[in-house]
Structures are given as structure tokens and as C-alpha cells.
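Enquirer: Here you go, one structure.
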Amino acid sequence: MSWLFSKNAKTFKPTKAPSAGEGTKQYQLKQYAEATLGSGNLRLAVTLPEGEDLNEWVAVNTVDFFNQINMLYGTITEFCVPKECPVMSAGPKYEYMWADGVNIKKPIKCSAPEYIDYLMTWVQNQLDDEHLFPSKIGVPFPRNFITVAKNILKRLFRVYAHIYHSHFNKIVSLGEEAHLNTSFKHFIFFVQEFSLIEKKELVPLQELIDNFTASNPKEPPASS
């Protein structure tokens with residue numbers, strides 16, 4: 001399933017989790033995730049369900065975050081243009097260069113929209129790769145799956161970071177800040193739960209992360 005984007009018309013095609021048809025384990029995990037998210041306790045919502053496979057849980061959530069970021073970035077694509085965002089940055093101190101190790105082996109400097117286009121296409125290709133994200137029931141995940149997921153999530157974080165640093169005022173004017181904050185909070189709690197992104201990679205949004213995580217203990221408060 002393709003990630004489609006053009007400068008003049010934005011078209012986002014949500015990606016389904018591997019084997020996400022009704023009745024499959026991935027479908028059940030997705031339903032479970034949606035139900036626990038509805039409880040309002042994000043710390044509990046990201047916890048691996050008892051008896052479930054970590055790889056499947058990480059796969060379902062990685063696809064979900066990819067879809068969420070697609071939609072969030074889609075709200076500001078007309079403002080994130082090469083003239084306004086000539087480099088892919090997260091504030092004045094952090095700039096990202098693109099390389100995928102295959103088509104572009106040497107890191108290149110590019111505008112934010114170009115970087116994000118490269119990134120989303122790169123992620124989509126991996127989600128569509130049956131060897132990395134198997135869609136058939138009973139087919140095991142590769143041994144390096146968590147490493148693959150870590151690399152995807154590390155780079156998806158950069159889109160959140162760019163949106164917050166370069167386009168948050170526009171997000172607010174569009175009334176999307178609650179959606180962005182909830183999505184990012186869920187993302188951070190998930191990657192922290194399973195140590196999926198190194199702390200040094202999160203520095204561009206560290207203050208925001210500290211604010212989000214300080215008041216959200218893992219255990220729900222005891223009733224008085």
C-alpha cells in the first residue's frame with residue numbers, strides 16, 4: 001500500500017498493520033490498543049498485553065504511528081515548502097541529512113519536505129516488505145526486526161520534531177495541537193516503554209518530553 005504525496009494535492013493512504021484482517025492476531029492487538037488508549041492512561045496503553053509477542057506489538061504500533069504522522073504532516077504540507085524549510089531541522093541546533101544506505105549512500109542535505117518525502121517512502125517500502133513485516137499468519141518476524149523498528153521510529157521522531165519546532169504555530173491556528181500532543185505523547189511513552197530510541201536522539205524535544213512524562217506515572221493513582 002503506497003504513501004502518496006504531491007505538492008499540489010495531498011493524498012494519504014493509511015497503511016494496514018501486517019495481517020490486520022478481522023480475526024487475526026494483529027487485528028486483535030490493534031483493537032486492544034485502541035480500547036486501552038480510550039482509557040486515557042497512555043502508560044498502561046503502551047504496555048505489552050499479557051502473553052503477546054513483542055514483535056507483533058511493536059509492528060502494529062509502528063504502522064499506527066506512521067499513519068498518525070502521515071495525517072499530522074498532511075495538515076501542514078502546504079506550509080512546509082523548500083522556500084520556508086530549506087533544511088530538515090528541529091530548531092537551530094539540529095539538522096538532519098538524508099541517506100538510506102541503498103539508493104542514497106552518502107548523506108545529502110535537502111529541504112524538509114524533500115527529506116520527509118524520502119523518509120516516508122523509505123518507511124513505506126519497509127512496511128510493504130514481507131521479509132520485514134510479514135503479512136501472512138504464522139510467518140515469523142526476522143531476527144533483526146526490533147533493530148529495523150528502532151531505525152524507523154528514530155526517523156519518524158524527526159518529523160514530530162520538525163513540526164513542533166517549525167510549524168507549531170500553524171498547527172495551533174488549525175486547531176490540531178491537541179491531536180499532535182496526544183499522538184506525540186503516545187509515541188514517546190511507547191518508545192520509552194521498550195527502549196526503542198536512544199536518549200540522545202530525543203534531545204531536540206527533551207523539554208516537551210519531560211513535561212509530558214513528569215505527570216504520567218505508569219501505575220494509575222489509587223482511589224481515595
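Each chain in the C-alpha cells gets a letter, A, B, ..., in the order shown, and its residues are numbered from 1; ligands are numbered from 1 in order too.
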Can you tell me, as a ChimeraX atom specification, which residues in range 20-194 of chain A count as alpha helix (DSSP H) by DSSP?

Expert: /A:25-37,42-45,54-74,112-127,145-173,177-193

Enquirer: Would you list the contacts of Met88 in chain A as a PyMOL selection string, taking every protein, DNA or RNA residue within 6 Å and counting only C-alpha atoms, but skipping same-chain residues closer than 4 positions in sequence?

Expert: chain A and resi 95-96+111-112

Enquirer: With C-alpha atoms retained, could you export that selection as a PDB file, in the first residue's frame?

Expert:
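Output below, filename again12.pdb:
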ATOM      1  CA  GLU A  95      19.792  19.477  11.229  1.00  0.00           C
ATOM      2  CA  TYR A  96      19.198  16.116   9.560  1.00  0.00           C
ATOM      3  CA  SER A 111      14.837  20.632   2.312  1.00  0.00           C
ATOM      4  CA  ALA A 112      12.407  19.438   4.984  1.00  0.00           C
TER       5      ALA A 112
END

Enquirer: Here is a test: counting only C-alpha atoms, which residue of A:Asn151, A:Ile137, A:Val60, A:Leu72 is nearest to Gly175 in chain A?

Expert: A:Leu72

Enquirer: Just to confirm, what's the straight-line distance from CA of Leu180 in chain A to CA of Gly74 in chain A in Å (one decimal)?

Expert: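 CA of Gly74 in chain A lies at a distance of 11.9 Å from CA of Leu180 in chain A.
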
Enquirer: Do a neighbour search on range 205-211 of chain A at 8 Å with only C-alpha atoms, toss out local chain neighbours closer than 5 positions, and write the hits as a PDB file with C-alpha atoms, in the first residue's frame.

Expert:
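Saved file out.pdb follows:
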ATOM      1  CA  ALA A 161      10.485  17.390  15.985  1.00  0.00           C
ATOM      2  CA  LYS A 185       2.808  11.677  23.918  1.00  0.00           C
ATOM      3  CA  ILE A 188       7.126   8.845  23.438  1.00  0.00           C
TER       4      ILE A 188
END

Enquirer: Rounded to one decimal, what separation in Å do you get between CA of Leu119 in chain A and CA of Ser173 in chain A?

Expert: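 Answer for the CA of Leu119 in chain A to CA of Ser173 in chain A separation: 26.3 Å.
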
Enquirer: Could you pull the residues within 7 Å of Cys110 in chain A, counting only C-alpha atoms, minus those fewer than 5 positions along the same chain, as a PyMOL selection string?

Expert: chain A and resi 86-88+97+115

Enquirer: By how many Å are CA of Met120 in chain A and CA of Glu52 in chain A apart?

Expert: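 A separation of 28.2 Å between them.
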
Enquirer: Just checking: using only C-alpha atoms, which residue out of A:Pro204, A:Ile116, A:Asn125, A:His179 ends up closest to Lys93 in chain A?

Expert: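 Of all the options, A:Pro204 lies closest to Lys93 in chain A.
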
Enquirer: Taking only C-alpha atoms into account, which of A:Val159, A:Ile197, A:Leu48, A:Val148 comes nearest Phe133 in chain A?

Expert: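 For Phe133 in chain A, the nearest of the candidates is A:Val148.
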
Enquirer: With distances taken over only C-alpha atoms, which residue among A:Asn61, A:Asn55, A:Thr77, A:Asn67 lies nearest Phe189 in chain A?

Expert: A:Asn61

Enquirer: Extract, using only C-alpha atoms, all DNA, RNA and protein residues at most 9 Å from Tyr118 in chain A, discarding same-chain residues fewer than 6 positions from it, and format them as a count of residues only.

Expert: 3

Enquirer: Need the shell around Asp53 in chain A: protein/DNA/RNA residues with any atom at most 12 Å away, counting only C-alpha atoms. Skip same-chain ones fewer than 3 positions apart. Format as a count of residues only?

Expert: 15
